[in-house]
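Quick look at start13.cif (mmCIF, C-alpha atoms):
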```cif
data_work
loop_
_atom_site.label_atom_id
_atom_site.label_comp_id
_atom_site.auth_asym_id
_atom_site.auth_seq_id
_atom_site.Cartn_x
_atom_site.Cartn_y
_atom_site.Cartn_z
CA MET A 1 -1.70 0.94 23.80
CA ILE A 2 -1.76 -2.88 23.95
CA ARG A 3 0.73 -3.10 21.08
CA THR A 4 3.06 -0.62 22.83
CA ARG A 5 3.01 -2.67 26.03
CA ALA A 6 3.78 -5.86 24.12
CA VAL A 7 6.77 -4.19 22.44
CA ARG A 8 8.08 -2.98 25.81
CA CYS A 9 7.72 -6.45 27.31
CA ARG A 10 9.67 -8.01 24.45
CA ARG A 11 12.43 -5.43 24.81
CA ALA A 12 12.67 -6.08 28.55
CA VAL A 13 12.93 -9.85 28.01
CA VAL A 14 15.64 -9.40 25.38
CA PHE A 15 17.56 -7.05 27.66
CA VAL A 16 17.64 -9.39 30.67
CA LEU A 17 18.11 -12.63 28.72
CA PRO A 18 21.94 -12.48 28.61
CA GLY A 19 22.10 -11.80 32.36
CA LEU A 20 19.75 -14.72 33.05
CA TRP A 21 21.98 -16.94 30.91
CA VAL A 22 25.06 -15.95 32.92
CA LEU A 23 23.24 -16.53 36.19
CA ALA A 24 22.02 -19.96 35.09
CA VAL A 25 25.51 -21.06 33.98
CA VAL A 26 27.14 -19.89 37.24
CA LEU A 27 24.52 -21.61 39.40
CA TRP A 28 24.82 -24.76 37.36
CA GLU A 29 28.59 -24.68 37.80
CA LEU A 30 28.31 -24.19 41.56
CA LEU A 31 25.72 -26.90 42.07
CA SER A 32 27.09 -29.45 39.59
CA PRO A 33 28.75 -32.69 40.73
CA ARG A 34 32.53 -32.93 41.00
CA GLY A 35 34.32 -32.94 37.67
CA THR A 36 31.49 -31.47 35.58
CA ARG A 37 32.23 -28.13 33.86
CA PHE A 38 29.65 -25.75 32.41
CA VAL A 39 31.64 -22.53 32.44
CA GLU A 40 32.33 -22.92 28.70
CA LEU A 41 28.65 -22.06 28.10
CA LEU A 42 29.44 -18.48 29.10
CA ALA A 43 30.94 -17.99 25.62
CA ALA A 44 27.39 -17.81 24.20
CA THR A 45 26.50 -14.77 26.34
CA PRO A 46 28.15 -12.06 24.16
CA ALA A 47 26.48 -13.46 21.05
CA ILE A 48 23.08 -13.41 22.79
CA ALA A 49 23.66 -9.82 23.92
CA CYS A 50 24.69 -8.59 20.46
CA ALA A 51 21.80 -10.35 18.76
CA GLY A 52 19.20 -8.94 21.13
CA THR A 53 20.30 -5.53 22.38
CA GLY A 54 23.43 -3.98 21.00
CA ARG A 55 27.20 -3.67 20.88
CA ARG A 56 27.75 -1.91 24.21
CA GLN A 57 26.01 -4.59 26.23
CA CYS A 58 27.90 -7.22 24.23
CA VAL A 59 31.25 -5.83 25.42
CA VAL A 60 30.13 -5.37 29.04
CA LEU A 61 28.68 -8.85 29.34
CA GLY A 62 31.62 -10.34 27.47
CA GLY A 63 34.08 -8.85 29.97
CA ALA A 64 31.94 -9.99 32.89
CA CYS A 65 31.82 -13.53 31.53
CA ALA A 66 35.60 -13.55 31.07
CA LEU A 67 36.04 -12.62 34.73
CA PHE A 68 33.57 -15.29 35.80
CA ALA A 69 35.54 -17.82 33.78
CA LEU A 70 38.70 -17.00 35.77
CA LEU A 71 37.04 -17.14 39.18
CA PRO A 72 37.46 -20.40 41.16
CA LEU A 73 33.81 -21.36 41.01
CA GLY A 74 32.60 -24.89 41.67
CA PRO A 75 34.50 -28.10 42.32
CA SER A 76 35.74 -28.34 38.72
CA TRP A 77 38.33 -25.64 39.48
CA ARG A 78 40.47 -28.11 41.37
CA THR A 79 40.35 -30.78 38.68
CA ALA A 80 41.00 -28.61 35.60
CA PRO A 81 42.24 -25.14 36.56
CA GLY A 82 43.99 -24.64 33.21
CA SER A 83 40.78 -24.88 31.24
CA ARG A 84 39.56 -21.63 32.84
CA LEU A 85 42.15 -19.61 30.95
CA GLY A 86 41.20 -21.24 27.65
CA THR A 87 37.51 -20.53 28.32
CA CYS A 88 38.36 -16.90 29.08
CA CYS A 89 40.22 -16.57 25.76
CA ALA A 90 37.31 -18.18 23.89
CA ILE A 91 34.88 -15.74 25.47
CA LEU A 92 37.02 -12.76 24.46
CA ALA A 93 37.22 -14.10 20.88
CA VAL A 94 33.44 -14.41 20.76
CA VAL A 95 33.15 -10.84 22.10
CA VAL A 96 35.32 -9.47 19.28
CA ALA A 97 33.50 -11.47 16.57
CA SER A 98 30.07 -10.51 17.91
CA TYR A 99 31.07 -6.86 18.17
CA LEU A 100 32.20 -6.74 14.54
CA THR A 101 29.16 -8.68 13.32
CA SER A 102 26.80 -6.41 15.24
CA GLY A 103 28.39 -3.31 13.71
CA ARG A 104 27.99 -4.68 10.20
CA ARG A 105 24.38 -5.64 10.93
CA ARG A 106 23.66 -2.13 12.22
CA ARG A 107 25.11 -0.55 9.07
CA LEU A 108 23.07 -2.86 6.86
CA THR A 109 19.93 -2.09 8.86
CA GLN A 110 20.44 1.64 8.47
CA GLU A 111 21.04 1.24 4.74
CA LEU A 112 17.88 -0.86 4.43
CA GLU A 113 15.87 1.81 6.24
CA ARG A 114 17.14 4.46 3.82
CA VAL A 115 16.30 2.28 0.81
CA LYS A 116 12.80 1.64 2.19
CA GLU A 117 12.28 5.37 2.74
CA ILE A 118 13.33 6.11 -0.84
CA ALA A 119 11.07 3.35 -2.19
CA VAL A 120 8.07 4.59 -0.20
CA THR A 121 8.65 8.15 -1.42
CA ALA A 122 8.92 6.99 -5.04
CA GLN A 123 5.76 4.89 -4.82
CA ARG A 124 3.79 7.73 -3.25
CA ALA A 125 4.99 10.05 -5.99
CA LEU A 126 3.70 7.55 -8.54
CA LEU A 127 0.27 7.05 -6.96
CA ARG A 128 -0.11 10.45 -5.35
CA PRO A 129 -2.42 10.96 -2.37
CA LEU A 130 -5.73 12.50 -3.39
CA PRO A 131 -6.82 15.87 -2.02
CA PRO A 132 -9.77 15.60 0.40
CA LEU A 133 -11.82 18.03 -1.71
CA LEU A 134 -11.55 18.78 -5.42
CA ASP A 135 -13.96 21.08 -7.23
CA GLY A 136 -16.72 20.32 -4.74
CA LEU A 137 -16.15 16.55 -4.73
CA ALA A 138 -14.96 14.85 -1.55
CA LEU A 139 -12.32 12.25 -2.44
CA ALA A 140 -10.60 9.30 -0.81
CA GLY A 141 -8.58 6.48 -2.29
CA GLY A 142 -6.87 3.39 -0.96
CA HIS A 143 -4.69 0.62 -2.33
CA LEU A 144 -3.64 -2.79 -1.06
CA SER A 145 -0.80 -4.56 -2.84
CA ALA A 146 -0.51 -8.33 -3.09
CA SER A 147 3.30 -7.98 -2.97
CA HIS A 148 4.69 -7.87 0.55
CA GLY A 149 6.26 -4.51 1.37
CA ALA A 150 4.88 -2.71 -1.71
CA LEU A 151 2.55 0.26 -1.40
CA VAL A 152 1.66 0.32 -5.09
CA GLY A 153 0.93 -2.57 -7.42
CA GLY A 154 -0.86 -3.06 -10.72
CA ASP A 155 -3.89 -0.91 -9.85
CA LEU A 156 -4.05 2.80 -10.62
CA TYR A 157 -6.35 5.73 -10.04
CA GLU A 158 -6.18 9.48 -10.47
CA VAL A 159 -8.55 12.47 -10.34
CA GLN A 160 -7.98 15.74 -12.20
CA ALA A 161 -10.04 18.94 -12.11
CA THR A 162 -10.01 20.30 -15.67
CA ALA A 163 -11.82 22.88 -17.75
CA HIS A 164 -13.93 20.01 -19.13
CA GLY A 165 -15.05 18.76 -15.70
CA VAL A 166 -13.58 16.48 -13.05
CA ARG A 167 -12.02 13.54 -14.84
CA VAL A 168 -11.27 10.23 -13.16
CA VAL A 169 -9.35 7.14 -14.23
CA MET A 170 -9.38 3.74 -12.54
CA GLY A 171 -7.34 0.95 -14.08
CA ASP A 172 -5.95 -2.51 -13.49
CA VAL A 173 -2.78 -3.69 -15.23
CA ARG A 174 -2.43 -7.38 -16.04
CA GLY A 175 -0.49 -9.00 -13.24
CA HIS A 176 0.12 -7.45 -9.85
CA GLY A 177 2.78 -6.14 -7.54
CA LEU A 178 6.10 -4.55 -8.45
CA PRO A 179 6.44 -5.88 -12.05
CA ALA A 180 3.40 -3.81 -13.10
CA LEU A 181 4.72 -0.50 -11.75
CA SER A 182 6.29 0.66 -15.03
CA THR A 183 3.02 0.24 -16.91
CA VAL A 184 1.14 2.07 -14.15
CA ALA A 185 3.62 4.95 -14.37
CA ALA A 186 3.22 5.23 -18.16
CA LEU A 187 -0.59 5.30 -17.99
CA LEU A 188 -0.81 7.76 -15.11
CA GLY A 189 1.61 10.16 -16.78
CA SER A 190 -0.39 10.04 -19.99
CA PHE A 191 -3.72 10.59 -18.21
CA ARG A 192 -2.47 13.58 -16.23
CA GLU A 193 -1.62 15.32 -19.50
CA ALA A 194 -4.51 14.10 -21.66
CA ALA A 195 -7.18 14.95 -19.06
CA HIS A 196 -6.40 18.65 -19.54
CA ASP A 197 -5.57 18.62 -23.26
CA GLU A 198 -8.40 16.54 -24.74
CA PRO A 199 -11.85 18.16 -24.87
CA GLU A 200 -13.68 14.79 -25.04
CA LEU A 201 -13.30 11.49 -23.19
CA PRO A 202 -12.63 9.42 -26.36
CA GLY A 203 -9.54 11.54 -26.98
CA VAL A 204 -8.27 10.77 -23.47
CA LEU A 205 -8.81 7.04 -23.99
CA ARG A 206 -6.93 7.06 -27.29
CA ARG A 207 -4.03 8.85 -25.65
CA LEU A 208 -3.92 6.13 -22.99
CA GLU A 209 -3.89 3.44 -25.69
CA ARG A 210 -0.99 5.08 -27.52
CA ALA A 211 0.93 5.49 -24.26
CA LEU A 212 0.44 1.80 -23.42
CA HIS A 213 1.68 0.55 -26.79
CA ARG A 214 4.63 2.96 -26.74
CA HIS A 215 5.60 1.79 -23.26
CA LEU A 216 5.39 -1.89 -24.24
CA ARG A 217 7.51 -1.36 -27.35
CA ASP A 218 10.16 0.50 -25.36
CA ARG A 219 10.17 -2.22 -22.73
CA ASP A 220 10.63 -4.92 -25.36
CA ARG A 221 13.73 -3.15 -26.65
CA THR A 222 15.38 -2.97 -23.24
CA GLU A 223 14.26 -6.20 -21.54
CA PRO A 224 15.38 -9.66 -22.69
CA PRO A 225 12.58 -11.95 -23.87
CA ARG A 226 11.15 -14.33 -21.34
CA PRO A 227 11.02 -18.09 -22.05
CA GLY A 228 8.40 -18.93 -24.65
CA GLN A 229 8.17 -15.40 -26.06
CA GLY A 230 9.06 -14.33 -29.51
CA GLY A 231 8.24 -11.81 -32.17
CA ALA A 232 8.33 -8.05 -32.13
CA ASP A 233 4.87 -7.67 -30.60
CA ARG A 234 5.20 -10.23 -27.84
CA ALA A 235 4.30 -7.69 -25.11
CA ASP A 236 1.31 -6.31 -27.03
CA ALA A 237 -0.07 -9.82 -27.30
CA GLU A 238 0.22 -10.52 -23.57
CA GLU A 239 -0.25 -7.21 -21.76
CA PHE A 240 -3.57 -5.48 -21.32
CA VAL A 241 -5.12 -2.96 -18.97
CA THR A 242 -8.71 -2.51 -17.88
CA VAL A 243 -9.64 1.17 -17.74
CA LEU A 244 -12.66 3.11 -16.50
CA LEU A 245 -12.82 6.80 -17.44
CA LEU A 246 -15.36 9.12 -15.82
CA GLU A 247 -16.20 12.76 -16.31
CA VAL A 248 -18.29 14.58 -13.69
CA GLY A 249 -19.91 17.78 -14.92
CA ALA A 250 -20.78 20.92 -13.05
CA HIS A 251 -24.32 19.73 -12.25
CA GLY A 252 -23.38 16.17 -11.27
CA GLU A 253 -23.87 14.60 -14.69
CA VAL A 254 -21.52 11.62 -15.13
CA ARG A 255 -20.23 10.32 -18.47
CA ALA A 256 -18.14 7.15 -18.77
CA LEU A 257 -15.96 5.07 -21.06
CA ASN A 258 -15.25 1.53 -19.90
CA CYS A 259 -12.64 -0.86 -21.28
CA GLY A 260 -13.19 -4.16 -19.50
CA HIS A 261 -13.27 -2.68 -16.00
CA PRO A 262 -15.88 -3.33 -13.27
CA TRP A 263 -18.61 -0.72 -13.21
CA PRO A 264 -18.78 1.47 -10.09
CA HIS A 265 -21.29 1.37 -7.25
CA ARG A 266 -23.48 4.30 -6.31
CA LEU A 267 -24.13 5.17 -2.68
CA PRO A 268 -27.22 7.38 -2.58
CA GLY A 269 -27.50 10.12 -0.01
CA ALA A 270 -30.02 10.05 2.81
CA GLY A 271 -33.28 8.57 1.53
CA PRO A 272 -36.34 6.57 2.56
CA ASP A 273 -34.88 3.21 1.44
CA GLY A 274 -32.11 3.18 4.04
CA PRO A 275 -28.45 2.41 3.36
CA ARG A 276 -27.84 0.57 0.12
CA ALA A 277 -25.26 0.26 -2.62
CA VAL A 278 -26.45 0.25 -6.23
CA ALA A 279 -24.25 -1.53 -8.77
CA LEU A 280 -24.31 0.44 -12.02
CA ALA A 281 -24.31 -1.30 -15.39
CA PRO A 282 -25.27 1.17 -18.11
CA GLY A 283 -23.97 -0.99 -20.95
CA ASP A 284 -21.43 -3.51 -22.18
CA PRO A 285 -17.81 -2.39 -21.74
CA LEU A 286 -15.24 -2.29 -24.52
CA PRO A 287 -12.38 -4.83 -24.54
CA PRO A 288 -9.40 -3.98 -22.29
CA LEU A 289 -6.72 -1.74 -23.69
CA GLY A 290 -3.99 -3.66 -25.47
CA MET A 291 -6.05 -6.66 -26.53
CA PHE A 292 -7.61 -5.13 -29.66
CA PRO A 293 -7.38 -1.72 -31.34
CA LEU A 294 -10.00 0.76 -30.22
CA PRO A 295 -12.97 1.09 -32.60
CA ALA A 296 -13.40 4.23 -34.68
CA ASP A 297 -16.53 5.18 -32.75
CA LEU A 298 -16.27 5.30 -28.97
CA PRO A 299 -19.75 5.69 -27.46
CA VAL A 300 -19.72 7.63 -24.20
CA LEU A 301 -22.31 6.27 -21.76
CA ALA A 302 -24.24 8.39 -19.28
CA LEU A 303 -24.45 7.22 -15.67
CA ASP A 304 -26.96 8.30 -13.05
CA GLN A 305 -26.64 11.91 -12.06
CA LEU A 306 -24.54 12.39 -8.96
CA LEU A 307 -26.83 14.43 -6.73
CA PRO A 308 -25.53 16.35 -3.70
CA GLY A 309 -24.74 13.79 -1.00
CA ASP A 310 -24.47 10.86 -3.45
CA ALA A 311 -21.19 9.00 -3.84
CA LEU A 312 -19.57 6.86 -6.54
CA VAL A 313 -17.32 3.97 -5.50
CA LEU A 314 -14.81 2.78 -8.08
CA HIS A 315 -12.89 -0.42 -7.49
CA THR A 316 -10.75 -3.05 -9.17
CA ASP A 317 -11.56 -6.73 -9.53
CA GLY A 318 -9.29 -7.56 -6.60
CA ALA A 319 -12.33 -6.98 -4.37
CA GLU A 320 -14.83 -9.08 -6.28
CA ASP A 321 -12.36 -11.95 -6.77
CA ALA A 322 -11.12 -12.09 -3.17
CA ARG A 323 -12.06 -15.31 -1.34
CA ASP A 324 -11.92 -16.59 2.19
CA ALA A 325 -10.64 -19.97 3.38
CA THR A 326 -13.89 -21.66 2.31
CA GLY A 327 -13.80 -20.19 -1.21
CA ALA A 328 -16.59 -17.67 -0.65
CA PHE A 329 -16.25 -14.38 -2.54
CA PHE A 330 -16.01 -11.06 -0.74
CA PRO A 331 -19.47 -9.40 -0.49
CA LEU A 332 -18.49 -5.97 -1.78
CA SER A 333 -22.04 -4.61 -2.10
CA GLY A 334 -22.85 -5.59 1.47
CA ALA A 335 -19.66 -4.01 2.78
CA LEU A 336 -20.44 -0.79 0.92
CA ALA A 337 -24.02 -0.73 2.18
CA ARG A 338 -22.75 -0.82 5.75
CA THR A 339 -20.68 2.30 5.07
CA ALA A 340 -23.51 4.38 3.54
CA HIS A 341 -23.62 8.05 4.57
CA ALA A 342 -20.04 7.81 5.91
CA ALA A 343 -17.19 10.07 4.82
CA PRO A 344 -15.19 8.83 1.79
CA ALA A 345 -12.08 8.15 3.88
CA THR A 346 -14.20 6.11 6.32
CA VAL A 347 -15.69 4.10 3.45
CA VAL A 348 -12.22 3.22 2.15
CA ALA A 349 -10.91 2.24 5.59
CA ARG A 350 -13.92 0.08 6.48
CA VAL A 351 -13.98 -1.76 3.15
CA GLN A 352 -10.24 -2.45 3.36
CA ASP A 353 -10.60 -3.79 6.89
CA ALA A 354 -13.53 -5.98 5.85
CA LEU A 355 -11.57 -7.34 2.87
CA LEU A 356 -8.54 -8.19 5.02
CA ARG A 357 -10.74 -9.93 7.59
CA HIS A 358 -12.47 -11.89 4.83
CA THR A 359 -9.22 -13.10 3.28
CA GLY A 360 -7.32 -13.50 6.52
CA GLY A 361 -4.79 -10.91 5.33
CA LEU A 362 -3.72 -13.05 2.36
CA LEU A 363 -4.32 -11.14 -0.88
CA THR A 364 -3.90 -12.87 -4.23
CA ASP A 365 -4.41 -9.70 -6.26
CA ASP A 366 -4.02 -5.96 -5.82
CA PHE A 367 -7.05 -4.02 -4.65
CA ALA A 368 -7.82 -0.34 -5.18
CA LEU A 369 -10.83 1.68 -4.04
CA LEU A 370 -11.79 5.26 -4.94
CA VAL A 371 -14.75 7.16 -3.48
CA LEU A 372 -16.16 10.42 -4.88
CA ARG A 373 -18.98 12.18 -3.03
CA ASN A 374 -20.80 15.20 -4.39
CA ASP A 375 -20.44 17.85 -1.70
CA ARG A 376 -21.50 20.69 -3.96
CA VAL A 377 -24.25 22.79 -2.42
CA ARG A 378 -27.21 23.35 -4.67
CA VAL A 379 -28.10 27.03 -4.44
CA PRO A 380 -31.83 27.68 -5.04
CA GLU A 381 -32.77 30.09 -7.75
CA GLN A 382 -33.30 33.61 -6.48
CA PRO A 383 -36.18 35.75 -7.74
CA SER A 384 -35.19 38.53 -10.09
CA PRO A 385 -34.99 41.90 -8.37
CA LEU A 386 -37.76 44.42 -8.99
CA PRO A 387 -36.89 47.33 -11.24
CA LEU A 388 -36.02 50.46 -9.36
CA GLU A 389 -38.32 53.44 -9.71
CA PRO A 390 -36.75 56.62 -10.98
CA CYS A 391 -36.04 59.17 -8.34
CA CYS A 392 -38.21 62.26 -8.25
CA ARG A 393 -36.65 65.49 -9.29
CA ARG A 394 -36.89 68.54 -7.13
CA PRO A 395 -38.80 71.47 -8.62
#
```
Take the structure I supplied and represent it as structure tokens, if you would.
Amino acid sequence: MIRTRAVRCRRAVVFVLPGLWVLAVVLWELLSPRGTRFVELLAATPAIACAGTGRRQCVVLGGACALFALLPLGPSWRTAPGSRLGTCCAILAVVVASYLTSGRRRRLTQELERVKEIAVTAQRALLRPLPPLLDGLALAGGHLSASHGALVGGDLYEVQATAHGVRVVMGDVRGHGLPALSTVAALLGSFREAAHDEPELPGVLRRLERALHRHLRDRDRTEPPRPGQGGADRADAEEFVTVLLLEVGAHGEVRALNCGHPWPHRLPGAGPDGPRAVALAPGDPLPPLGMFPLPADLPVLALDQLLPGDALVLHTDGAEDARDATGAFFPLSGALARTAHAAPATVVARVQDALLRHTGGLLTDDFALLVLRNDRVRVPEQPSPLPLEPCCRRP
């Protein structure tokens, strides 16, 4: 409501500003000493009108100013009556120029709006919105890009319900913003296929590694080398991606493969200890994808069981590395603890707001957050029914 009122006030000021300018020039002309002319300042009125409101008001005010320029206003009319006609012609020339400039600006603005709409649609198709509920898991995800105007950056996440369980990927491409979008697209496309095709998590991770190297090789063939680069594998030597793969089973069991990515936090359901966020660290992660080849044996680690009401919070290092003006890091665990027992969408919104307040709205890296809460209802075991007695036969 406050923002709407402020916008209306600004529009009203812009609308009346050309009229105030005309009024000020006319009064100045009437009250000025003999021989002083200010009527030439009326030529700025059409430009002010076109810049602030639109083409129609530009023409109306331009014609009004031309008439004012011809009227015998002030004592300067007697000393230089011929200059009034020249001022009138100058005003009309400014009207024509402003009218044409305003039309071109309007066309460019409409084209920019269409391009922005297409870009937003393409970015949302790349990092698709998550469903609120998937196979009994409540989901919510959010992303903040360090590039101004971008919805998607170098962070990625996706959740797929498969025959092998609910599979989740959270990743962070080296770099941030728009240059990392092509790598994000390659990895997400590979995961969406591999999550259904591969029966085990190591197979999914190897598919992601092959997709990354294939994408980097194709990019090297099409893009010119940057200064200081050389060799056929210049991209493989510089690009890497941190990846966290999770698989949530039917009974809440969670299995994970981690390649250099931050481990998730666990938000327990209602309990005697009050709201808290537990940082999980079941083991040492593997190196990020792209730095070294994956080992022959990929050990899958087991995380704490996700009981009904518990939630897992996956994030990228943009949260842990964010600092305020004094250099203090963002307290992610504290922000998560204050959102305990809240809905996943509420957790994402509150953590994003807290991060923006901490950094003053100035992000140096992309930030992604994904919350999964186990909303599956545990049905108690029912006693086996008693055997039915045979019916008596009539004699």
Val159 of chain A environment, 9 Å, all atoms listed in the file, sequence neighbours closer than 4 positions dropped, as an NGL selection string: :A and (130 or 134 or 139 or 166-169 or 192)
Atoms kept (C-alpha atoms) for selection, written as an mmCIF file, in the coordinates of the input:
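Saved result, out21.cif, follows:
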```cif
data_model
loop_
_atom_site.group_PDB
_atom_site.id
_atom_site.type_symbol
_atom_site.label_atom_id
_atom_site.label_comp_id
_atom_site.auth_asym_id
_atom_site.auth_seq_id
_atom_site.Cartn_x
_atom_site.Cartn_y
_atom_site.Cartn_z
ATOM 1 C CA LEU A 130 -5.730 12.500 -3.390
ATOM 2 C CA LEU A 134 -11.550 18.780 -5.420
ATOM 3 C CA LEU A 139 -12.320 12.250 -2.440
ATOM 4 C CA VAL A 166 -13.580 16.480 -13.050
ATOM 5 C CA ARG A 167 -12.020 13.540 -14.840
ATOM 6 C CA VAL A 168 -11.270 10.230 -13.160
ATOM 7 C CA VAL A 169 -9.350 7.140 -14.230
ATOM 8 C CA ARG A 192 -2.470 13.580 -16.230
#
```
Who sits within 9 Å of segment 330-335 of chain A, all atoms listed in the file, same chain under 2 positions skipped, as a list of chain:residue names: A:His265, A:Arg276, A:Ala277, A:Val278, A:Ala279, A:Ala319, A:Glu320, A:Asp321, A:Ala322, A:Arg323, A:Asp324, A:Ala328, A:Ala337, A:Arg338, A:Thr339, A:Arg350, A:Val351, A:Ala354, A:Leu355, A:His358, A:Thr359
Okay, now the selection with C-alpha atoms, as an mmCIF file, keeping the file's coordinate frame?
```
data_model
loop_
_atom_site.group_PDB
_atom_site.id
_atom_site.type_symbol
_atom_site.label_atom_id
_atom_site.label_comp_id
_atom_site.auth_asym_id
_atom_site.auth_seq_id
_atom_site.Cartn_x
_atom_site.Cartn_y
_atom_site.Cartn_z
ATOM 1 C CA HIS A 265 -21.290 1.370 -7.250
ATOM 2 C CA ARG A 276 -27.840 0.570 0.120
ATOM 3 C CA ALA A 277 -25.260 0.260 -2.620
ATOM 4 C CA VAL A 278 -26.450 0.250 -6.230
ATOM 5 C CA ALA A 279 -24.250 -1.530 -8.770
ATOM 6 C CA ALA A 319 -12.330 -6.980 -4.370
ATOM 7 C CA GLU A 320 -14.830 -9.080 -6.280
ATOM 8 C CA ASP A 321 -12.360 -11.950 -6.770
ATOM 9 C CA ALA A 322 -11.120 -12.090 -3.170
ATOM 10 C CA ARG A 323 -12.060 -15.310 -1.340
ATOM 11 C CA ASP A 324 -11.920 -16.590 2.190
ATOM 12 C CA ALA A 328 -16.590 -17.670 -0.650
ATOM 13 C CA ALA A 337 -24.020 -0.730 2.180
ATOM 14 C CA ARG A 338 -22.750 -0.820 5.750
ATOM 15 C CA THR A 339 -20.680 2.300 5.070
ATOM 16 C CA ARG A 350 -13.920 0.080 6.480
ATOM 17 C CA VAL A 351 -13.980 -1.760 3.150
ATOM 18 C CA ALA A 354 -13.530 -5.980 5.850
ATOM 19 C CA LEU A 355 -11.570 -7.340 2.870
ATOM 20 C CA HIS A 358 -12.470 -11.890 4.830
ATOM 21 C CA THR A 359 -9.220 -13.100 3.280
#
```
Residues near segment 236-252 of chain A, cut-off 8 Å, only C-alpha atoms, skip fewer than 5 positions along chain, as a ChimeraX atom specification: /A:164-174,201,205,213,216-217,257-263,287-291,305-308,374
Target residues per the PyMOL selection byres ((chain A and resi 301) around 7), formatted as a ChimeraX atom specification: /A:255-257,282,299-300,302-303
What would the list of residues within 12 Å of (7.6, 1.1, -24.3) (file frame) look like as a compact mmCIF listing (two decimals) with C-alpha atoms, keeping the file's coordinate frame, if all atoms listed in the file are what count?
```txt
# COMPACT_ATOMS: atom_id res chain seq x y z
CA SER A 182 6.29 0.66 -15.03
CA THR A 183 3.02 0.24 -16.91
CA ALA A 185 3.62 4.95 -14.37
CA ALA A 186 3.22 5.23 -18.16
CA LEU A 187 -0.59 5.30 -17.99
CA GLU A 209 -3.89 3.44 -25.69
CA ARG A 210 -0.99 5.08 -27.52
CA ALA A 211 0.93 5.49 -24.26
CA LEU A 212 0.44 1.80 -23.42
CA HIS A 213 1.68 0.55 -26.79
CA ARG A 214 4.63 2.96 -26.74
CA HIS A 215 5.60 1.79 -23.26
CA LEU A 216 5.39 -1.89 -24.24
CA ARG A 217 7.51 -1.36 -27.35
CA ASP A 218 10.16 0.50 -25.36
CA ARG A 219 10.17 -2.22 -22.73
CA ASP A 220 10.63 -4.92 -25.36
CA ARG A 221 13.73 -3.15 -26.65
CA THR A 222 15.38 -2.97 -23.24
CA GLU A 223 14.26 -6.20 -21.54
CA ASP A 233 4.87 -7.67 -30.60
CA ALA A 235 4.30 -7.69 -25.11
CA ASP A 236 1.31 -6.31 -27.03
CA GLU A 239 -0.25 -7.21 -21.76
```
